[in-house]
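Encoded as structure tokens, the structure appears first; notes follow it.
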Amino acid sequence: MSWHYTLRSVDGHIAQHVKSKNVAWHAGNWFVNAKAIGLEHEGFAAHGGWYTEALYRTSAKLVRYLALRLGIPLDRNHIIGHDNVPGTIASTISGMHWDPGPYWDWAHYFELLKAPFRGLPEPLAGHAGLVTLNPDYATNKPAFTGCTGAGSNPCPARSSSSVILRTAPDLTAPLVRDPGRCGTKASTMLVSDHCARGSAGQTYAVAERTAEWTAIWYLGQKAWFRNADAGPLWNVGFVVEPKPGLASIPVFGRAYPEAAAYPAGVPVQAVSAYTQYTIAAGQRYAAGPVLASEYYRASTFDWSSPGDGTVIRGDTQYVQIQFGHRIAYVKRDDVVIRPAVTY
């Protein structure tokens with residue numbers, strides 16, 4: 001394990017371990033690591049009190065500096081937690097990180113980044129096809145369990161950035177299920193179980209709306225949240241959906257090139273779609289950046305293995321999407337990208 005910066009809780013002190021120009025291993029996904037700068041914040045995701053104001057402020061100052069210097073957009077497509085990083089392939093999804101957890105104040109963090117979450121003014125909100133989650137951090141206190149002791153033990157009532165997602169517009173409806181993360185098990189309110197959660201600043205495609213509830217497309221299903229809990233910000237932007245004639249399309253955890261792009265002697269990395277998810281015709285997901293397929297070969301620190309130090313880029317393009325709690329990728333050739341409108 002390695003990462004670029006560590007931030008201390010009590011005073012926000014920053015220590016650098018890896019130069020920003022070098023790749024560190026911190027997110028559990030080599031495609032993401034090869035493009036990312038990793039910050040580790042001192043603390044325990046299930047415990048209160050670790051995320052101090054000093055920590056937020058120095059972290060935001062560092063991230064804003066790096067983002068402006070390197071041309072990284074200050075949004076939730078690019079500024080993500082470990083819990084938003086996708087599993088590389090089907091078998092790694094369940095073991096991915098869940099930090100910084102539900103108690104990290106994303107809205108405050110983006111305010112400090114001078115990039116607060118915004119939405120359309122109310123007269124235009126009815127035309128929005130996207131929704132950005134923005135729960136009131138001070139009053140949003142989901143009933144999580146398992147912060148200490150057994151998993152059924154109630155956690156202390158703490159402010160949270162998380163929005164709980166259900167299968168129907170009813171507070172008694174079951175939580176939506178994430179087959180990749182939780183398998184056949186039902187989702188729970190365990191603090192580390194984000195199988196049925198969105199988070200502040202994440203933007204989703206609207207699937208359905210009522211006066212009090214909104215459904216979003218989430219891991220191949222409609223997921224409902226109560227508007228009073230989510231503080232929705234209605235937005236416009238772009239969505240992806242399967243091309244006409246396709247019954248469903250695959251979803252990927254990394255945007256690797258096609259086999260023909262690899263030079264001789266460099267091991268080809270499999271382009272492996274998730275087996276637990278697909279996107280069916282009629283579903284829509286908020287579109288992030290369009291990405292060139294890429295693989296950075298660096299299996300040894302001294303580049304002693306064949307192909308080490310090589311960046312392989314292919315003709316295949318991908319689109320990053322907000323798929324569930326985590327980001328994911330779909331092939332550009334499989335989708336139509338179009339403006340998000342009300343349905």
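Identifiers in the structure tokens: chain A, B, ... in order shown; residue index from 1 per chain; ligand index from 1 in order shown.
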
Applying 10 Å and only C-alpha atoms, which residues near Ser9 in chain A remain after dropping the ones on its own chain fewer than 4 positions away? List them as a PDB file with all heavy atoms, in the first residue's frame.
ATOM      1  N   HIS A  13      -2.362  18.527   9.831  1.00  0.00           N
ATOM      2  CA  HIS A  13      -0.987  18.471   9.311  1.00  0.00           C
ATOM      3  C   HIS A  13      -0.906  17.526   8.115  1.00  0.00           C
ATOM      4  O   HIS A  13      -1.483  16.435   8.126  1.00  0.00           O
ATOM      5  CB  HIS A  13      -0.030  17.999  10.406  1.00  0.00           C
ATOM      6  CG  HIS A  13       1.373  17.786   9.921  1.00  0.00           C
ATOM      7  ND1 HIS A  13       2.230  18.830   9.660  1.00  0.00           N
ATOM      8  CD2 HIS A  13       2.060  16.651   9.630  1.00  0.00           C
ATOM      9  CE1 HIS A  13       3.387  18.352   9.236  1.00  0.00           C
ATOM     10  NE2 HIS A  13       3.317  17.034   9.219  1.00  0.00           N
ATOM     11  N   ILE A  14      -0.165  17.940   7.074  1.00  0.00           N
ATOM     12  CA  ILE A  14      -0.043  17.166   5.844  1.00  0.00           C
ATOM     13  C   ILE A  14       1.359  16.591   5.740  1.00  0.00           C
ATOM     14  O   ILE A  14       2.351  17.307   5.909  1.00  0.00           O
ATOM     15  CB  ILE A  14      -0.331  18.041   4.612  1.00  0.00           C
ATOM     16  CG1 ILE A  14      -1.750  18.606   4.661  1.00  0.00           C
ATOM     17  CG2 ILE A  14      -0.131  17.236   3.330  1.00  0.00           C
ATOM     18  CD1 ILE A  14      -2.019  19.648   3.591  1.00  0.00           C
ATOM     19  N   HIS A  41      -6.958  10.272   5.167  1.00  0.00           N
ATOM     20  CA  HIS A  41      -7.301  11.116   6.310  1.00  0.00           C
ATOM     21  C   HIS A  41      -7.329  10.267   7.570  1.00  0.00           C
ATOM     22  O   HIS A  41      -7.980   9.223   7.601  1.00  0.00           O
ATOM     23  CB  HIS A  41      -8.665  11.789   6.098  1.00  0.00           C
ATOM     24  CG  HIS A  41      -8.708  12.687   4.905  1.00  0.00           C
ATOM     25  ND1 HIS A  41      -8.864  12.198   3.616  1.00  0.00           N
ATOM     26  CD2 HIS A  41      -8.618  14.038   4.789  1.00  0.00           C
ATOM     27  CE1 HIS A  41      -8.865  13.219   2.769  1.00  0.00           C
ATOM     28  NE2 HIS A  41      -8.718  14.342   3.448  1.00  0.00           N
ATOM     29  N   GLU A  42      -6.635  10.713   8.601  1.00  0.00           N
ATOM     30  CA  GLU A  42      -6.603   9.954   9.845  1.00  0.00           C
ATOM     31  C   GLU A  42      -8.010   9.801  10.412  1.00  0.00           C
ATOM     32  O   GLU A  42      -8.784  10.751  10.438  1.00  0.00           O
ATOM     33  CB  GLU A  42      -5.726  10.673  10.876  1.00  0.00           C
ATOM     34  CG  GLU A  42      -5.641   9.943  12.202  1.00  0.00           C
ATOM     35  CD  GLU A  42      -5.002  10.766  13.298  1.00  0.00           C
ATOM     36  OE1 GLU A  42      -4.743  11.975  13.086  1.00  0.00           O
ATOM     37  OE2 GLU A  42      -4.772  10.213  14.389  1.00  0.00           O
ATOM     38  N   GLY A  43      -8.326   8.606  10.875  1.00  0.00           N
ATOM     39  CA  GLY A  43      -9.618   8.424  11.521  1.00  0.00           C
ATOM     40  C   GLY A  43     -10.181   7.043  11.306  1.00  0.00           C
ATOM     41  O   GLY A  43      -9.597   6.205  10.616  1.00  0.00           O
ATOM     42  N   GLY A  49     -15.977  12.317  15.536  1.00  0.00           N
ATOM     43  CA  GLY A  49     -14.938  13.158  16.104  1.00  0.00           C
ATOM     44  C   GLY A  49     -13.630  13.187  15.356  1.00  0.00           C
ATOM     45  O   GLY A  49     -12.776  14.037  15.635  1.00  0.00           O
ATOM     46  N   TRP A  50     -13.426  12.300  14.406  1.00  0.00           N
ATOM     47  CA  TRP A  50     -12.140  12.269  13.715  1.00  0.00           C
ATOM     48  C   TRP A  50     -12.043  13.328  12.626  1.00  0.00           C
ATOM     49  O   TRP A  50     -10.966  13.865  12.357  1.00  0.00           O
ATOM     50  CB  TRP A  50     -11.929  10.886  13.100  1.00  0.00           C
ATOM     51  CG  TRP A  50     -11.517   9.851  14.103  1.00  0.00           C
ATOM     52  CD1 TRP A  50     -12.317   8.909  14.684  1.00  0.00           C
ATOM     53  CD2 TRP A  50     -10.219   9.654  14.666  1.00  0.00           C
ATOM     54  NE1 TRP A  50     -11.596   8.140  15.563  1.00  0.00           N
ATOM     55  CE2 TRP A  50     -10.301   8.581  15.571  1.00  0.00           C
ATOM     56  CE3 TRP A  50      -8.991  10.294  14.486  1.00  0.00           C
ATOM     57  CZ2 TRP A  50      -9.197   8.129  16.288  1.00  0.00           C
ATOM     58  CZ3 TRP A  50      -7.891   9.832  15.200  1.00  0.00           C
ATOM     59  CH2 TRP A  50      -7.999   8.764  16.085  1.00  0.00           C
ATOM     60  N   TYR A  51     -13.166  13.624  11.981  1.00  0.00           N
ATOM     61  CA  TYR A  51     -13.119  14.567  10.869  1.00  0.00           C
ATOM     62  C   TYR A  51     -13.279  15.978  11.417  1.00  0.00           C
ATOM     63  O   TYR A  51     -14.380  16.523  11.493  1.00  0.00           O
ATOM     64  CB  TYR A  51     -14.196  14.231   9.850  1.00  0.00           C
ATOM     65  CG  TYR A  51     -14.083  12.824   9.284  1.00  0.00           C
ATOM     66  CD1 TYR A  51     -15.204  12.070   8.990  1.00  0.00           C
ATOM     67  CD2 TYR A  51     -12.839  12.255   9.045  1.00  0.00           C
ATOM     68  CE1 TYR A  51     -15.095  10.783   8.464  1.00  0.00           C
ATOM     69  CE2 TYR A  51     -12.721  10.971   8.522  1.00  0.00           C
ATOM     70  CZ  TYR A  51     -13.850  10.237   8.240  1.00  0.00           C
ATOM     71  OH  TYR A  51     -13.738   8.971   7.720  1.00  0.00           O
ATOM     72  N   THR A  52     -12.165  16.560  11.804  1.00  0.00           N
ATOM     73  CA  THR A  52     -12.158  17.879  12.437  1.00  0.00           C
ATOM     74  C   THR A  52     -12.206  18.981  11.386  1.00  0.00           C
ATOM     75  O   THR A  52     -11.917  18.760  10.203  1.00  0.00           O
ATOM     76  CB  THR A  52     -10.894  18.057  13.282  1.00  0.00           C
ATOM     77  OG1 THR A  52      -9.747  18.015  12.399  1.00  0.00           O
ATOM     78  CG2 THR A  52     -10.775  16.956  14.339  1.00  0.00           C
ATOM     79  N   GLU A  53     -12.527  20.190  11.834  1.00  0.00           N
ATOM     80  CA  GLU A  53     -12.548  21.324  10.915  1.00  0.00           C
ATOM     81  C   GLU A  53     -11.154  21.581  10.351  1.00  0.00           C
ATOM     82  O   GLU A  53     -11.001  21.922   9.170  1.00  0.00           O
ATOM     83  CB  GLU A  53     -13.066  22.566  11.630  1.00  0.00           C
ATOM     84  CG  GLU A  53     -13.251  23.787  10.733  1.00  0.00           C
ATOM     85  CD  GLU A  53     -14.290  23.575   9.631  1.00  0.00           C
ATOM     86  OE1 GLU A  53     -15.099  22.636   9.729  1.00  0.00           O
ATOM     87  OE2 GLU A  53     -14.287  24.361   8.664  1.00  0.00           O
ATOM     88  N   ALA A  54     -10.125  21.405  11.186  1.00  0.00           N
ATOM     89  CA  ALA A  54      -8.755  21.583  10.696  1.00  0.00           C
ATOM     90  C   ALA A  54      -8.447  20.590   9.580  1.00  0.00           C
ATOM     91  O   ALA A  54      -7.796  20.930   8.581  1.00  0.00           O
ATOM     92  CB  ALA A  54      -7.769  21.413  11.853  1.00  0.00           C
ATOM     93  N   LEU A  55      -8.922  19.355   9.734  1.00  0.00           N
ATOM     94  CA  LEU A  55      -8.713  18.331   8.712  1.00  0.00           C
ATOM     95  C   LEU A  55      -9.413  18.708   7.415  1.00  0.00           C
ATOM     96  O   LEU A  55      -8.825  18.636   6.324  1.00  0.00           O
ATOM     97  CB  LEU A  55      -9.234  16.988   9.225  1.00  0.00           C
ATOM     98  CG  LEU A  55      -9.018  15.768   8.327  1.00  0.00           C
ATOM     99  CD1 LEU A  55      -7.552  15.369   8.311  1.00  0.00           C
ATOM    100  CD2 LEU A  55      -9.876  14.597   8.794  1.00  0.00           C
ATOM    101  N   TYR A  56     -10.685  19.098   7.505  1.00  0.00           N
ATOM    102  CA  TYR A  56     -11.421  19.502   6.312  1.00  0.00           C
ATOM    103  C   TYR A  56     -10.721  20.659   5.596  1.00  0.00           C
ATOM    104  O   TYR A  56     -10.576  20.662   4.367  1.00  0.00           O
ATOM    105  CB  TYR A  56     -12.836  19.943   6.684  1.00  0.00           C
ATOM    106  CG  TYR A  56     -13.823  18.819   6.932  1.00  0.00           C
ATOM    107  CD1 TYR A  56     -14.464  18.687   8.163  1.00  0.00           C
ATOM    108  CD2 TYR A  56     -14.150  17.909   5.928  1.00  0.00           C
ATOM    109  CE1 TYR A  56     -15.392  17.676   8.391  1.00  0.00           C
ATOM    110  CE2 TYR A  56     -15.072  16.909   6.143  1.00  0.00           C
ATOM    111  CZ  TYR A  56     -15.690  16.784   7.381  1.00  0.00           C
ATOM    112  OH  TYR A  56     -16.601  15.785   7.602  1.00  0.00           O
TER     113      TYR A  56
END

At a cut-off of 7 Å, using only C-alpha atoms, what residues contact Asn227 in chain A? Leave out same-chain residues fewer than 2 positions from it and give the result as a PyMOL selection string.
chain A and resi 212-214+225+229-232

I need the residues from that last selection saved to file as a compact mmCIF listing (two decimals), in the first residue's frame (with all heavy atoms), if you can.
# COMPACT_ATOMS: atom_id res chain seq x y z
N GLU A 212 -43.41 13.82 -3.08
CA GLU A 212 -42.60 13.61 -1.88
C GLU A 212 -41.41 12.68 -2.08
O GLU A 212 -40.52 12.61 -1.24
CB GLU A 212 -43.47 13.06 -0.75
CG GLU A 212 -44.58 14.02 -0.33
CD GLU A 212 -45.40 13.46 0.82
OE1 GLU A 212 -45.15 12.30 1.24
OE2 GLU A 212 -46.29 14.18 1.32
N TRP A 213 -41.38 11.95 -3.21
CA TRP A 213 -40.34 10.96 -3.43
C TRP A 213 -39.77 11.09 -4.84
O TRP A 213 -40.43 11.59 -5.75
CB TRP A 213 -40.89 9.55 -3.25
CG TRP A 213 -41.26 9.19 -1.84
CD1 TRP A 213 -42.37 9.56 -1.16
CD2 TRP A 213 -40.49 8.37 -0.95
NE1 TRP A 213 -42.36 9.03 0.11
CE2 TRP A 213 -41.22 8.28 0.27
CE3 TRP A 213 -39.29 7.67 -1.06
CZ2 TRP A 213 -40.75 7.55 1.35
CZ3 TRP A 213 -38.81 6.94 0.02
CH2 TRP A 213 -39.55 6.88 1.21
N THR A 214 -38.53 10.62 -4.99
CA THR A 214 -37.87 10.57 -6.30
C THR A 214 -37.22 9.21 -6.47
O THR A 214 -36.59 8.69 -5.55
CB THR A 214 -36.81 11.67 -6.42
OG1 THR A 214 -37.43 12.96 -6.29
CG2 THR A 214 -36.09 11.61 -7.77
N PHE A 225 -35.80 7.68 -2.96
CA PHE A 225 -35.47 8.41 -1.74
C PHE A 225 -36.56 9.44 -1.46
O PHE A 225 -37.24 9.93 -2.37
CB PHE A 225 -34.10 9.11 -1.82
CG PHE A 225 -33.96 10.13 -2.92
CD1 PHE A 225 -34.52 11.40 -2.82
CD2 PHE A 225 -33.23 9.83 -4.07
CE1 PHE A 225 -34.37 12.35 -3.81
CE2 PHE A 225 -33.08 10.77 -5.08
CZ PHE A 225 -33.65 12.04 -4.96
N ASP A 229 -35.51 13.99 2.93
CA ASP A 229 -34.25 13.47 3.47
C ASP A 229 -33.06 13.81 2.60
O ASP A 229 -31.94 13.96 3.09
CB ASP A 229 -34.32 11.95 3.62
CG ASP A 229 -35.41 11.50 4.57
OD1 ASP A 229 -35.68 12.22 5.55
OD2 ASP A 229 -35.98 10.42 4.32
N ALA A 230 -33.30 13.92 1.29
CA ALA A 230 -32.19 14.03 0.34
C ALA A 230 -31.85 15.45 -0.06
O ALA A 230 -30.77 15.68 -0.62
CB ALA A 230 -32.51 13.22 -0.92
N GLY A 231 -32.74 16.42 0.21
CA GLY A 231 -32.48 17.80 -0.20
C GLY A 231 -32.13 17.90 -1.67
O GLY A 231 -31.11 18.52 -2.03
N PRO A 232 -32.92 17.31 -2.57
CA PRO A 232 -32.51 17.19 -3.97
C PRO A 232 -32.29 18.54 -4.66
O PRO A 232 -33.04 19.49 -4.48
CB PRO A 232 -33.69 16.44 -4.60
CG PRO A 232 -34.86 16.74 -3.72
CD PRO A 232 -34.30 16.83 -2.34

Determine which residues of range 35-266 of chain A receive a DSSP assignment of helix (DSSP H, G or I), computed from the backbone, and state them as a VMD selection string.
chain A and resid 53 to 70 82 to 84 90 to 95 106 to 112 122 to 125 179 to 182 227 to 230 259 to 261

Distance query Ile337 in chain A at most 12 Å, only C-alpha atoms, self and fewer than 4 positions along chain excluded, as a PyMOL selection string
chain A and resi 237-244+284-290+318-321+330-333

Which neighbours of Trp25 in chain A fall inside 8 Å, counting only C-alpha atoms, when residues of the same chain fewer than 3 positions from it are skipped, and could you give them as JSON, numbers by chain?
{"A": [1, 2, 3, 28, 30, 33]}

Now that the selection is made, can you save its residues with all heavy atoms as a compact mmCIF listing (two decimals), in the first residue's frame?
# COMPACT_ATOMS: atom_id res chain seq x y z
N MET A 1 0.84 -1.19 0.00
CA MET A 1 0.00 0.00 0.00
C MET A 1 0.87 1.25 0.00
O MET A 1 1.92 1.30 0.64
CB MET A 1 -0.91 0.04 1.23
CG MET A 1 -1.99 -1.03 1.26
SD MET A 1 -3.27 -0.72 0.03
CE MET A 1 -4.02 0.77 0.71
N SER A 2 0.43 2.25 -0.71
CA SER A 2 1.10 3.55 -0.70
C SER A 2 0.08 4.61 -1.08
O SER A 2 -0.94 4.30 -1.70
CB SER A 2 2.29 3.57 -1.66
OG SER A 2 1.86 3.31 -2.99
N TRP A 3 0.34 5.83 -0.71
CA TRP A 3 -0.53 6.95 -1.08
C TRP A 3 0.29 8.21 -1.07
O TRP A 3 1.43 8.25 -0.59
CB TRP A 3 -1.74 7.05 -0.14
CG TRP A 3 -1.42 7.10 1.32
CD1 TRP A 3 -1.20 8.21 2.09
CD2 TRP A 3 -1.27 5.97 2.20
NE1 TRP A 3 -0.93 7.86 3.38
CE2 TRP A 3 -0.97 6.49 3.48
CE3 TRP A 3 -1.37 4.59 2.04
CZ2 TRP A 3 -0.76 5.66 4.59
CZ3 TRP A 3 -1.16 3.77 3.14
CH2 TRP A 3 -0.86 4.31 4.39
N GLY A 28 -7.36 0.40 -4.64
CA GLY A 28 -7.81 -0.94 -4.95
C GLY A 28 -8.22 -1.15 -6.40
O GLY A 28 -8.81 -2.18 -6.73
N TRP A 30 -6.34 -0.45 -10.18
CA TRP A 30 -5.15 0.08 -10.85
C TRP A 30 -5.49 1.13 -11.89
O TRP A 30 -4.75 2.12 -12.05
CB TRP A 30 -4.37 -1.07 -11.50
CG TRP A 30 -3.11 -0.61 -12.18
CD1 TRP A 30 -2.83 -0.64 -13.51
CD2 TRP A 30 -1.95 -0.05 -11.54
NE1 TRP A 30 -1.58 -0.14 -13.76
CE2 TRP A 30 -1.01 0.24 -12.56
CE3 TRP A 30 -1.62 0.24 -10.22
CZ2 TRP A 30 0.23 0.80 -12.31
CZ3 TRP A 30 -0.37 0.79 -9.96
CH2 TRP A 30 0.54 1.07 -10.99
N ASN A 33 -6.01 4.19 -9.80
CA ASN A 33 -4.75 4.60 -9.19
C ASN A 33 -3.82 5.29 -10.19
O ASN A 33 -3.14 6.26 -9.86
CB ASN A 33 -4.01 3.39 -8.61
CG ASN A 33 -4.59 2.95 -7.28
OD1 ASN A 33 -5.16 3.74 -6.54
ND2 ASN A 33 -4.45 1.68 -6.98

Counting only C-alpha atoms, the residue among A:Ala281, A:Val206, A:Leu171, A:Leu190 that lies closest to Gly126 in chain A is A:Val206

In range 271-331 of chain A, DSSP strand (DSSP E or B) residues written as a ChimeraX atom specification:
/A:273-280,285-297,310-322,327-331

For the selection just defined, write its residues with N, CA and C atoms to a file, as a compact mmCIF listing (two decimals), in the first residue's frame.
# COMPACT_ATOMS: atom_id res chain seq x y z
N ALA A 273 -16.24 -7.59 -18.16
CA ALA A 273 -17.47 -6.93 -17.70
C ALA A 273 -17.91 -7.55 -16.38
N TYR A 274 -18.62 -6.76 -15.59
CA TYR A 274 -19.24 -7.29 -14.37
C TYR A 274 -20.27 -8.36 -14.76
N THR A 275 -20.34 -9.40 -13.96
CA THR A 275 -21.37 -10.42 -14.17
C THR A 275 -22.63 -10.14 -13.37
N GLN A 276 -22.54 -9.28 -12.35
CA GLN A 276 -23.69 -9.02 -11.48
C GLN A 276 -24.60 -7.92 -12.02
N TYR A 277 -24.11 -7.13 -12.96
CA TYR A 277 -24.88 -5.98 -13.42
C TYR A 277 -24.90 -5.92 -14.94
N THR A 278 -25.98 -5.40 -15.46
CA THR A 278 -26.06 -4.89 -16.83
C THR A 278 -26.96 -3.66 -16.80
N ILE A 279 -26.98 -2.93 -17.89
CA ILE A 279 -27.90 -1.80 -18.04
C ILE A 279 -28.90 -2.17 -19.12
N ALA A 280 -30.16 -2.23 -18.76
CA ALA A 280 -31.20 -2.64 -19.70
C ALA A 280 -31.69 -1.46 -20.52
N TYR A 285 -28.26 6.69 -17.03
CA TYR A 285 -27.31 6.96 -15.95
C TYR A 285 -26.58 8.26 -16.24
N ALA A 286 -26.34 9.02 -15.20
CA ALA A 286 -25.67 10.30 -15.34
C ALA A 286 -24.28 10.10 -15.93
N ALA A 287 -24.00 10.83 -16.99
CA ALA A 287 -22.74 10.69 -17.72
C ALA A 287 -21.68 11.59 -17.12
N GLY A 288 -20.51 11.01 -16.91
CA GLY A 288 -19.33 11.77 -16.55
C GLY A 288 -18.46 11.95 -17.78
N PRO A 289 -17.15 12.01 -17.61
CA PRO A 289 -16.26 12.23 -18.75
C PRO A 289 -16.19 11.03 -19.69
N VAL A 290 -15.95 11.32 -20.96
CA VAL A 290 -15.64 10.29 -21.94
C VAL A 290 -14.14 10.04 -21.87
N LEU A 291 -13.75 8.77 -21.74
CA LEU A 291 -12.36 8.42 -21.47
C LEU A 291 -11.78 7.56 -22.59
N ALA A 292 -10.54 7.85 -22.94
CA ALA A 292 -9.80 6.95 -23.82
C ALA A 292 -9.42 5.71 -23.01
N SER A 293 -9.48 4.55 -23.63
CA SER A 293 -9.04 3.34 -22.94
C SER A 293 -7.54 3.41 -22.71
N GLU A 294 -7.12 2.93 -21.52
CA GLU A 294 -5.72 3.11 -21.16
C GLU A 294 -5.30 2.07 -20.12
N TYR A 295 -4.07 1.60 -20.26
CA TYR A 295 -3.47 0.73 -19.25
C TYR A 295 -2.01 1.12 -19.09
N TYR A 296 -1.64 1.42 -17.86
CA TYR A 296 -0.25 1.75 -17.55
C TYR A 296 0.42 0.49 -17.01
N ARG A 297 1.36 -0.04 -17.73
CA ARG A 297 2.06 -1.26 -17.34
C ARG A 297 3.21 -0.89 -16.40
N THR A 310 5.29 1.40 -19.72
CA THR A 310 4.58 1.67 -20.97
C THR A 310 3.13 2.04 -20.70
N VAL A 311 2.65 3.07 -21.36
CA VAL A 311 1.23 3.42 -21.33
C VAL A 311 0.61 2.93 -22.64
N ILE A 312 -0.36 2.03 -22.52
CA ILE A 312 -1.04 1.49 -23.69
C ILE A 312 -2.39 2.16 -23.83
N ARG A 313 -2.63 2.75 -24.97
CA ARG A 313 -3.92 3.39 -25.25
C ARG A 313 -4.55 2.73 -26.47
N GLY A 314 -5.85 2.47 -26.37
CA GLY A 314 -6.54 1.80 -27.45
C GLY A 314 -7.53 2.70 -28.17
N ASP A 315 -8.22 2.13 -29.14
CA ASP A 315 -9.25 2.87 -29.88
C ASP A 315 -10.59 2.87 -29.14
N THR A 316 -10.79 1.91 -28.24
CA THR A 316 -12.03 1.84 -27.48
C THR A 316 -12.16 3.04 -26.56
N GLN A 317 -13.34 3.63 -26.53
CA GLN A 317 -13.63 4.71 -25.59
C GLN A 317 -14.68 4.24 -24.59
N TYR A 318 -14.65 4.84 -23.42
CA TYR A 318 -15.59 4.54 -22.35
C TYR A 318 -16.22 5.83 -21.86
N VAL A 319 -17.36 5.69 -21.21
CA VAL A 319 -17.99 6.81 -20.52
C VAL A 319 -18.08 6.45 -19.04
N GLN A 320 -17.58 7.33 -18.20
CA GLN A 320 -17.75 7.14 -16.76
C GLN A 320 -19.17 7.50 -16.38
N ILE A 321 -19.79 6.68 -15.54
CA ILE A 321 -21.17 6.94 -15.11
C ILE A 321 -21.27 6.84 -13.60
N GLN A 322 -22.31 7.47 -13.05
CA GLN A 322 -22.68 7.24 -11.65
C GLN A 322 -23.64 6.08 -11.66
N ILE A 327 -18.73 4.82 -8.96
CA ILE A 327 -18.69 5.09 -10.39
C ILE A 327 -18.46 3.77 -11.13
N ALA A 328 -18.67 3.78 -12.44
CA ALA A 328 -18.42 2.62 -13.29
C ALA A 328 -18.20 3.15 -14.70
N TYR A 329 -17.99 2.22 -15.64
CA TYR A 329 -17.69 2.60 -17.02
C TYR A 329 -18.52 1.76 -17.99
N VAL A 330 -18.95 2.39 -19.06
CA VAL A 330 -19.61 1.70 -20.16
C VAL A 330 -18.88 2.06 -21.45
N LYS A 331 -18.93 1.16 -22.44
CA LYS A 331 -18.27 1.45 -23.70
C LYS A 331 -19.05 2.50 -24.48

Residues within 9 Å of range 267-270 of chain A, only C-alpha atoms, excluding chain neighbours under 2 positions, as an MDAnalysis selection string
chainID A and resid 256:265 272 295 297 306:307

Determine, counting only C-alpha atoms, which protein, DNA and RNA residues have an atom within 7 Å of an atom of Thr88 in chain A; residues of the same chain fewer than 6 positions away are not included. Present the result as number ranges by chain.
A: 29, 253-254

Please produce, as a Markdown table, a per-residue contact table for range 82-136 of chain A versus range 57-69 of chain A (criterion: any atom at most 8 Å away, only C-alpha atoms considered), showing the nearest atom pair and its distance in Å to one decimal, sorted by chain then residue number.
| residue | atom | partner | partner_atom | distance |
| --- | --- | --- | --- | --- |
| A:Tyr109 | CA | A:Ala60 | CA | 6.5 |
| A:Phe110 | CA | A:Ala60 | CA | 7.7 |
| A:Leu112 | CA | A:Ala60 | CA | 5.9 |
| A:Leu113 | CA | A:Ala60 | CA | 5.4 |

So which residues touch Gly309 in chain A within 12 Å, counting only C-alpha atoms, skipping near sequence neighbours fewer than 5 positions away, as a ChimeraX atom specification?
/A:22-23,34,266,295-304

Output as a Markdown table one row per residue of range 198-221 of chain A within 8 Å of range 144-167 of chain A: the closest atom pair and its distance in Å to one decimal place, counting only C-alpha atoms, sorted by chain and residue number ascending.
| residue | atom | partner | partner_atom | distance |
| --- | --- | --- | --- | --- |
| A:Gly198 | CA | A:Val163 | CA | 5.1 |
| A:Ser199 | CA | A:Ser162 | CA | 4.6 |
| A:Ala200 | CA | A:Ser161 | CA | 5.3 |
